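Heads up, structure-v7.tsv below (TSV, N, CA and C atoms and all ligand atoms):
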chain	number	residue	atom	x	y	z
A	1	MET	N	13.01	72.90	-11.38
A	1	MET	CA	11.94	73.03	-12.37
A	1	MET	C	11.99	71.85	-13.34
A	2	THR	N	10.83	71.36	-13.71
A	2	THR	CA	10.73	70.23	-14.63
A	2	THR	C	11.30	70.61	-16.00
A	3	GLN	N	12.10	69.73	-16.55
A	3	GLN	CA	12.61	69.95	-17.91
A	3	GLN	C	11.60	69.40	-18.91
A	4	PRO	N	11.35	70.13	-19.99
A	4	PRO	CA	10.42	69.60	-20.98
A	4	PRO	C	10.99	68.41	-21.74
A	5	VAL	N	10.14	67.57	-22.23
A	5	VAL	CA	10.53	66.45	-23.09
A	5	VAL	C	10.73	67.01	-24.49
A	6	ILE	N	11.81	66.59	-25.15
A	6	ILE	CA	12.04	67.03	-26.53
A	6	ILE	C	11.15	66.19	-27.44
A	7	THR	N	10.14	66.81	-28.02
A	7	THR	CA	9.23	66.08	-28.91
A	7	THR	C	9.93	65.74	-30.22
A	8	GLN	N	10.57	66.71	-30.80
A	8	GLN	CA	11.36	66.51	-32.02
A	8	GLN	C	12.33	67.67	-32.14
A	9	LYS	N	13.47	67.42	-32.78
A	9	LYS	CA	14.49	68.47	-32.89
A	9	LYS	C	14.32	69.26	-34.18
A	10	LYS	N	13.10	69.67	-34.42
A	10	LYS	CA	12.78	70.54	-35.56
A	10	LYS	C	11.41	71.13	-35.29
A	11	PRO	N	11.10	72.26	-35.93
A	11	PRO	CA	9.80	72.88	-35.68
A	11	PRO	C	8.66	72.16	-36.38
A	12	PHE	N	7.45	72.45	-35.94
A	12	PHE	CA	6.23	72.02	-36.62
A	12	PHE	C	5.85	73.17	-37.55
A	13	ALA	N	5.98	72.96	-38.84
A	13	ALA	CA	5.59	73.98	-39.81
A	13	ALA	C	4.14	73.74	-40.17
A	14	MET	N	3.30	74.72	-39.96
A	14	MET	CA	1.88	74.54	-40.25
A	14	MET	C	1.20	75.86	-40.58
A	15	GLU	N	0.12	75.75	-41.34
A	15	GLU	CA	-0.66	76.93	-41.67
A	15	GLU	C	-1.86	76.95	-40.73
A	16	LEU	N	-2.00	78.04	-40.00
A	16	LEU	CA	-3.08	78.13	-39.00
A	16	LEU	C	-4.11	79.17	-39.38
A	17	ASP	N	-5.36	78.85	-39.05
A	17	ASP	CA	-6.45	79.80	-39.23
A	17	ASP	C	-6.48	80.76	-38.04
A	18	PRO	N	-7.14	81.91	-38.17
A	18	PRO	CA	-7.24	82.82	-37.04
A	18	PRO	C	-7.87	82.13	-35.84
A	19	GLY	N	-7.36	82.44	-34.66
A	19	GLY	CA	-7.92	81.84	-33.45
A	19	GLY	C	-6.92	81.84	-32.32
A	20	GLU	N	-7.35	81.19	-31.23
A	20	GLU	CA	-6.52	81.10	-30.03
A	20	GLU	C	-5.98	79.68	-29.94
A	21	TYR	N	-4.71	79.56	-29.66
A	21	TYR	CA	-4.07	78.25	-29.60
A	21	TYR	C	-3.27	78.12	-28.31
A	22	TRP	N	-3.08	76.88	-27.88
A	22	TRP	CA	-2.28	76.58	-26.69
A	22	TRP	C	-1.18	75.62	-27.10
A	23	TRP	N	0.04	76.14	-27.15
A	23	TRP	CA	1.21	75.36	-27.54
A	23	TRP	C	1.69	74.54	-26.35
A	24	CYS	N	1.98	73.26	-26.60
A	24	CYS	CA	2.48	72.37	-25.54
A	24	CYS	C	3.93	72.72	-25.20
A	25	ALA	N	4.16	73.09	-23.94
A	25	ALA	CA	5.50	73.45	-23.48
A	25	ALA	C	6.22	72.28	-22.82
A	26	CYS	N	5.46	71.26	-22.41
A	26	CYS	CA	6.06	70.16	-21.65
A	26	CYS	C	6.58	69.04	-22.54
A	27	GLY	N	6.08	68.97	-23.76
A	27	GLY	CA	6.51	67.93	-24.68
A	27	GLY	C	5.77	66.61	-24.54
A	28	LYS	N	4.83	66.53	-23.61
A	28	LYS	CA	4.15	65.25	-23.35
A	28	LYS	C	2.83	65.07	-24.10
A	29	SER	N	2.34	66.13	-24.69
A	29	SER	CA	1.04	66.05	-25.37
A	29	SER	C	1.07	65.03	-26.51
A	30	ARG	N	-0.03	64.35	-26.70
A	30	ARG	CA	-0.16	63.44	-27.85
A	30	ARG	C	-0.81	64.15	-29.02
A	31	SER	N	-1.10	65.43	-28.84
A	31	SER	CA	-1.69	66.24	-29.92
A	31	SER	C	-0.71	67.34	-30.32
A	32	GLN	N	0.56	66.98	-30.45
A	32	GLN	CA	1.59	67.98	-30.79
A	32	GLN	C	1.25	68.74	-32.06
A	33	PRO	N	1.58	70.04	-32.08
A	33	PRO	CA	2.34	70.77	-31.06
A	33	PRO	C	1.45	71.43	-30.01
A	34	PHE	N	0.22	70.98	-29.90
A	34	PHE	CA	-0.73	71.64	-28.99
A	34	PHE	C	-0.93	70.87	-27.69
A	35	CYS	N	-1.32	71.58	-26.65
A	35	CYS	CA	-1.53	71.00	-25.32
A	35	CYS	C	-2.77	70.10	-25.31
A	36	ASP	N	-2.62	68.94	-24.65
A	36	ASP	CA	-3.79	68.07	-24.45
A	36	ASP	C	-4.04	67.81	-22.96
A	37	GLY	N	-3.37	68.60	-22.10
A	37	GLY	CA	-3.57	68.46	-20.66
A	37	GLY	C	-2.55	67.55	-19.98
A	38	SER	N	-1.67	66.94	-20.77
A	38	SER	CA	-0.71	65.97	-20.19
A	38	SER	C	0.34	66.61	-19.30
A	39	HIS	N	0.40	67.93	-19.26
A	39	HIS	CA	1.39	68.61	-18.39
A	39	HIS	C	0.98	68.54	-16.92
A	40	GLN	N	-0.22	68.07	-16.65
A	40	GLN	CA	-0.67	68.00	-15.26
A	40	GLN	C	0.29	67.13	-14.45
A	41	GLY	N	0.67	67.63	-13.27
A	41	GLY	CA	1.62	66.92	-12.43
A	41	GLY	C	3.04	67.44	-12.61
A	42	THR	N	3.25	68.30	-13.62
A	42	THR	CA	4.54	68.96	-13.80
A	42	THR	C	4.35	70.43	-13.41
A	43	ASP	N	5.45	71.19	-13.38
A	43	ASP	CA	5.28	72.62	-13.12
A	43	ASP	C	5.36	73.41	-14.42
A	44	LEU	N	5.12	72.72	-15.52
A	44	LEU	CA	5.10	73.39	-16.82
A	44	LEU	C	3.65	73.64	-17.24
A	45	SER	N	3.45	74.68	-18.01
A	45	SER	CA	2.09	74.97	-18.47
A	45	SER	C	2.14	75.45	-19.92
A	46	PRO	N	1.04	75.28	-20.63
A	46	PRO	CA	1.04	75.63	-22.05
A	46	PRO	C	1.15	77.13	-22.29
A	47	GLN	N	1.60	77.46	-23.48
A	47	GLN	CA	1.76	78.87	-23.87
A	47	GLN	C	0.63	79.22	-24.83
A	48	LYS	N	-0.16	80.20	-24.43
A	48	LYS	CA	-1.26	80.65	-25.30
A	48	LYS	C	-0.72	81.61	-26.37
A	49	PHE	N	-1.22	81.46	-27.58
A	49	PHE	CA	-0.88	82.45	-28.61
A	49	PHE	C	-2.08	82.64	-29.52
A	50	ILE	N	-2.11	83.80	-30.15
A	50	ILE	CA	-3.26	84.17	-30.98
A	50	ILE	C	-2.81	84.41	-32.41
A	51	ILE	N	-3.54	83.84	-33.34
A	51	ILE	CA	-3.28	84.06	-34.76
A	51	ILE	C	-4.39	84.96	-35.29
A	52	LYS	N	-4.01	86.07	-35.91
A	52	LYS	CA	-5.01	87.05	-36.36
A	52	LYS	C	-5.44	86.84	-37.80
A	53	GLU	N	-4.54	86.33	-38.62
A	53	GLU	CA	-4.93	86.03	-39.99
A	53	GLU	C	-4.23	84.74	-40.42
A	54	ARG	N	-4.85	84.05	-41.35
A	54	ARG	CA	-4.30	82.75	-41.77
A	54	ARG	C	-2.85	82.91	-42.18
A	55	GLN	N	-1.96	82.12	-41.60
A	55	GLN	CA	-0.54	82.27	-41.89
A	55	GLN	C	0.23	81.00	-41.57
A	56	MET	N	1.43	80.91	-42.12
A	56	MET	CA	2.36	79.84	-41.80
A	56	MET	C	3.05	80.17	-40.49
A	57	VAL	N	3.24	79.14	-39.65
A	57	VAL	CA	3.99	79.32	-38.41
A	57	VAL	C	4.95	78.14	-38.25
A	58	TRP	N	6.02	78.38	-37.55
A	58	TRP	CA	7.00	77.33	-37.25
A	58	TRP	C	7.04	77.23	-35.73
A	59	LEU	N	6.28	76.26	-35.22
A	59	LEU	CA	6.15	76.11	-33.76
A	59	LEU	C	7.26	75.20	-33.24
A	60	CYS	N	7.85	75.58	-32.14
A	60	CYS	CA	8.98	74.85	-31.56
A	60	CYS	C	8.58	73.41	-31.20
A	61	GLY	N	9.34	72.45	-31.71
A	61	GLY	CA	9.09	71.05	-31.39
A	61	GLY	C	10.04	70.52	-30.33
A	62	CYS	N	11.14	71.23	-30.09
A	62	CYS	CA	12.13	70.76	-29.11
A	62	CYS	C	11.80	71.25	-27.70
A	63	LYS	N	10.91	72.23	-27.62
A	63	LYS	CA	10.44	72.79	-26.34
A	63	LYS	C	11.53	73.55	-25.58
A	64	HIS	N	12.59	73.95	-26.27
A	64	HIS	CA	13.66	74.71	-25.63
A	64	HIS	C	13.84	76.10	-26.24
A	65	SER	N	12.95	76.53	-27.11
A	65	SER	CA	13.08	77.85	-27.73
A	65	SER	C	12.98	78.95	-26.68
A	66	GLU	N	13.70	80.03	-26.91
A	66	GLU	CA	13.58	81.19	-26.02
A	66	GLU	C	12.53	82.16	-26.53
A	67	THR	N	11.93	81.84	-27.65
A	67	THR	CA	10.85	82.69	-28.18
A	67	THR	C	9.59	81.84	-28.35
A	68	MET	N	9.27	81.06	-27.30
A	68	MET	CA	8.08	80.19	-27.33
A	68	MET	C	6.85	81.00	-27.73
A	69	PRO	N	5.97	80.45	-28.51
A	69	PRO	CA	5.94	79.06	-28.99
A	69	PRO	C	6.68	78.85	-30.30
A	70	TYR	N	7.38	79.88	-30.75
A	70	TYR	CA	8.00	79.80	-32.08
A	70	TYR	C	9.44	79.30	-32.01
A	71	CYS	N	9.84	78.58	-33.05
A	71	CYS	CA	11.22	78.08	-33.16
A	71	CYS	C	12.18	79.26	-33.30
A	72	ASP	N	13.28	79.21	-32.57
A	72	ASP	CA	14.32	80.24	-32.71
A	72	ASP	C	15.67	79.63	-33.10
A	73	GLY	N	15.65	78.36	-33.49
A	73	GLY	CA	16.88	77.70	-33.93
A	73	GLY	C	17.62	76.98	-32.82
A	74	THR	N	17.16	77.09	-31.59
A	74	THR	CA	17.81	76.44	-30.44
A	74	THR	C	17.93	74.93	-30.65
A	75	HIS	N	16.98	74.33	-31.38
A	75	HIS	CA	17.00	72.87	-31.58
A	75	HIS	C	18.31	72.39	-32.21
A	76	LYS	N	19.00	73.26	-32.93
A	76	LYS	CA	20.25	72.86	-33.58
A	76	LYS	C	21.36	72.62	-32.58
A	77	LYS	N	21.19	73.15	-31.36
A	77	LYS	CA	22.25	73.02	-30.34
A	77	LYS	C	21.97	71.87	-29.37
A	78	LEU	N	20.84	71.19	-29.52
A	78	LEU	CA	20.48	70.14	-28.56
A	78	LEU	C	21.09	68.80	-28.95
B	101	LIG	FE1	2.26	69.90	-22.72
B	101	LIG	FE2	-0.06	70.83	-21.79
B	101	LIG	S1	0.37	68.87	-22.59
B	101	LIG	S2	1.81	71.85	-21.91
B	102	LIG	FE1	12.67	74.26	-30.78
B	102	LIG	FE2	13.53	75.03	-33.15
B	102	LIG	S1	12.26	73.38	-32.70
B	102	LIG	S2	13.93	75.94	-31.25
Go through the file and emit its structure as structure tokens.
Ligand code: FES
Ligand code: FES
Amino acid sequence: MTQPVITQKKPFAMELDPGEYWWCACGKSRSQPFCDGSHQGTDLSPQKFIIKERQMVWLCGCKHSETMPYCDGTHKKL
């Protein structure tokens, strides 16, 4: 299985409006932390998530979290 590229060893902290989002799991997107289609040709695919009300989120930037798309602290061990 293709290993994701580590975009950064810290989460993307951002405030999101309600809606549907696609988190980049491969690390290759130029629109981090969101998918821009660059995963094509790999066996990785983006993770869809839904935000119901405006809130702060900490999206995984290392692409190794076990609670994708959210940071679970795994980046500290990389
Ligand atoms: Fe990374 Fe789509 S560009 S999952
Ligand atoms: Fe990936 Fe924290 S940034 S687990």
Could you make a table, as a Markdown table, of the residues of chain A that have an atom within 9 Å of an atom of ligand LIG 101 (chain B), each with its nearest atom pair and distance in Å to one decimal, counting only C-alpha atoms and all ligand atoms, in chain and number order?
| residue | atom | partner | partner_atom | distance |
| --- | --- | --- | --- | --- |
| A:Pro4 | CA | B:LIG101 | FE1 | 8.3 |
| A:Val5 | CA | B:LIG101 | FE1 | 9.0 |
| A:Trp22 | CA | B:LIG101 | S2 | 7.9 |
| A:Trp23 | CA | B:LIG101 | S2 | 6.7 |
| A:Cys24 | CA | B:LIG101 | S2 | 3.7 |
| A:Ala25 | CA | B:LIG101 | S2 | 4.3 |
| A:Cys26 | CA | B:LIG101 | FE1 | 4.0 |
| A:Gly27 | CA | B:LIG101 | FE1 | 5.1 |
| A:Lys28 | CA | B:LIG101 | FE1 | 5.1 |
| A:Ser29 | CA | B:LIG101 | S1 | 4.0 |
| A:Arg30 | CA | B:LIG101 | S1 | 7.6 |
| A:Ser31 | CA | B:LIG101 | S1 | 8.1 |
| A:Gln32 | CA | B:LIG101 | FE1 | 8.3 |
| A:Pro33 | CA | B:LIG101 | FE1 | 8.4 |
| A:Phe34 | CA | B:LIG101 | S1 | 7.1 |
| A:Cys35 | CA | B:LIG101 | FE2 | 3.8 |
| A:Asp36 | CA | B:LIG101 | S1 | 4.6 |
| A:Gly37 | CA | B:LIG101 | FE2 | 4.4 |
| A:Ser38 | CA | B:LIG101 | S1 | 3.9 |
| A:His39 | CA | B:LIG101 | FE2 | 4.3 |
| A:Gln40 | CA | B:LIG101 | FE2 | 7.1 |
| A:Leu44 | CA | B:LIG101 | S2 | 6.3 |
| A:Ser45 | CA | B:LIG101 | S2 | 4.7 |
| A:Pro46 | CA | B:LIG101 | S2 | 3.9 |
| A:Gln47 | CA | B:LIG101 | S2 | 7.3 |
Calculate how many Å separate CA of Leu78 (chain A) from CA of Pro11 (chain A), rounding to one decimal. 13.1 Å
Show me as a list in words the residues that reach within 7 Å of (15.0, 69.1, -32.1), counting only C-alpha atoms and using the file's own coordinates.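 Applying the cut-off with only C-alpha atoms, one gets Ile6, Gln8, Lys9, Lys10, Gly61, Cys62, His75, Lys76 and Leu78 of chain A.
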What separation in Å, quoted to one decimal, exists between CA of Met1 (chain A) and CA of Asp43 (chain A)?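 So the answer is 6.7 Å.
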Pick out the residues sitting within 7 Å of region 48-58 of chain A, and hand them over as a short mmCIF file (atom, residue, chain, number, x, y, z; two decimals) with N, CA and C atoms, in the frame of the given file; count only C-alpha atoms, and ignore anything fewer than 5 positions along from it in its own chain.
data_model
loop_
_atom_site.label_atom_id
_atom_site.label_comp_id
_atom_site.auth_asym_id
_atom_site.auth_seq_id
_atom_site.Cartn_x
_atom_site.Cartn_y
_atom_site.Cartn_z
N PRO A 11 11.10 72.26 -35.93
CA PRO A 11 9.80 72.88 -35.68
C PRO A 11 8.66 72.16 -36.38
N PHE A 12 7.45 72.45 -35.94
CA PHE A 12 6.23 72.02 -36.62
C PHE A 12 5.85 73.17 -37.55
N ALA A 13 5.98 72.96 -38.84
CA ALA A 13 5.59 73.98 -39.81
C ALA A 13 4.14 73.74 -40.17
N MET A 14 3.30 74.72 -39.96
CA MET A 14 1.88 74.54 -40.25
C MET A 14 1.20 75.86 -40.58
N GLU A 15 0.12 75.75 -41.34
CA GLU A 15 -0.66 76.93 -41.67
C GLU A 15 -1.86 76.95 -40.73
N LEU A 16 -2.00 78.04 -40.00
CA LEU A 16 -3.08 78.13 -39.00
C LEU A 16 -4.11 79.17 -39.38
N ASP A 17 -5.36 78.85 -39.05
CA ASP A 17 -6.45 79.80 -39.23
C ASP A 17 -6.48 80.76 -38.04
N PRO A 18 -7.14 81.91 -38.17
CA PRO A 18 -7.24 82.82 -37.04
C PRO A 18 -7.87 82.13 -35.84
N GLY A 19 -7.36 82.44 -34.66
CA GLY A 19 -7.92 81.84 -33.45
C GLY A 19 -6.92 81.84 -32.32
N GLU A 20 -7.35 81.19 -31.23
CA GLU A 20 -6.52 81.10 -30.03
C GLU A 20 -5.98 79.68 -29.94
N TYR A 21 -4.71 79.56 -29.66
CA TYR A 21 -4.07 78.25 -29.60
C TYR A 21 -3.27 78.12 -28.31
N TRP A 22 -3.08 76.88 -27.88
CA TRP A 22 -2.28 76.58 -26.69
C TRP A 22 -1.18 75.62 -27.10
N TRP A 23 0.04 76.14 -27.15
CA TRP A 23 1.21 75.36 -27.54
C TRP A 23 1.69 74.54 -26.35
N TYR A 70 7.38 79.88 -30.75
CA TYR A 70 8.00 79.80 -32.08
C TYR A 70 9.44 79.30 -32.01
N CYS A 71 9.84 78.58 -33.05
CA CYS A 71 11.22 78.08 -33.16
C CYS A 71 12.18 79.26 -33.30
#
Return as number ranges by chain the full set of residues in chain A whose backbone-based DSSP assignment is helix (DSSP H, G or I). A: 74-77
Listed atoms of ligand LIG 102 (chain B), axis-aligned box, 3 Å per side: centre and edge lengths to one decimal in Å, as JSON?
{"center_x": 13.1, "center_y": 74.7, "center_z": -32.0, "size_x": 7.7, "size_y": 8.6, "size_z": 8.4}
So what do you get for CA of Met68 (chain A) versus CA of Thr42 (chain A), distance-wise?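 According to the coordinates, CA of Met68 (chain A) and CA of Thr42 (chain A) are separated by 17.9 Å.
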Could you check which of A:Lys77, A:Gln3, A:Lys63, A:Pro69 is closest to ligand LIG 102 (chain B), using only C-alpha atoms and all ligand atoms?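 The shortest atom-to-atom distance to ligand LIG 102 (chain B) comes from A:Lys63.
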Which of chain A DSSP labels strand (DSSP E or B), written as a list of chain:residue names: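 So, restricting chain A to strand (DSSP E or B), we get A:Phe12, A:Ala13, A:Met14, A:Glu15, A:Leu16, A:Gly19, A:Glu20, A:Tyr21, A:Trp22, A:Trp23, A:Phe34, A:Gln40, A:Thr42, A:Gln47, A:Lys48, A:Phe49, A:Ile50, A:Ile51, A:Gln55, A:Met56, A:Val57, A:Trp58, A:Leu59, A:Tyr70.
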Counting all atoms listed in the file, which residue out of A:Thr7, A:Thr67, A:Thr2, A:Thr74 sits closest to ligand LIG 102 (chain B)?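 The answer is A:Thr74, which sits nearest to ligand LIG 102 (chain B).
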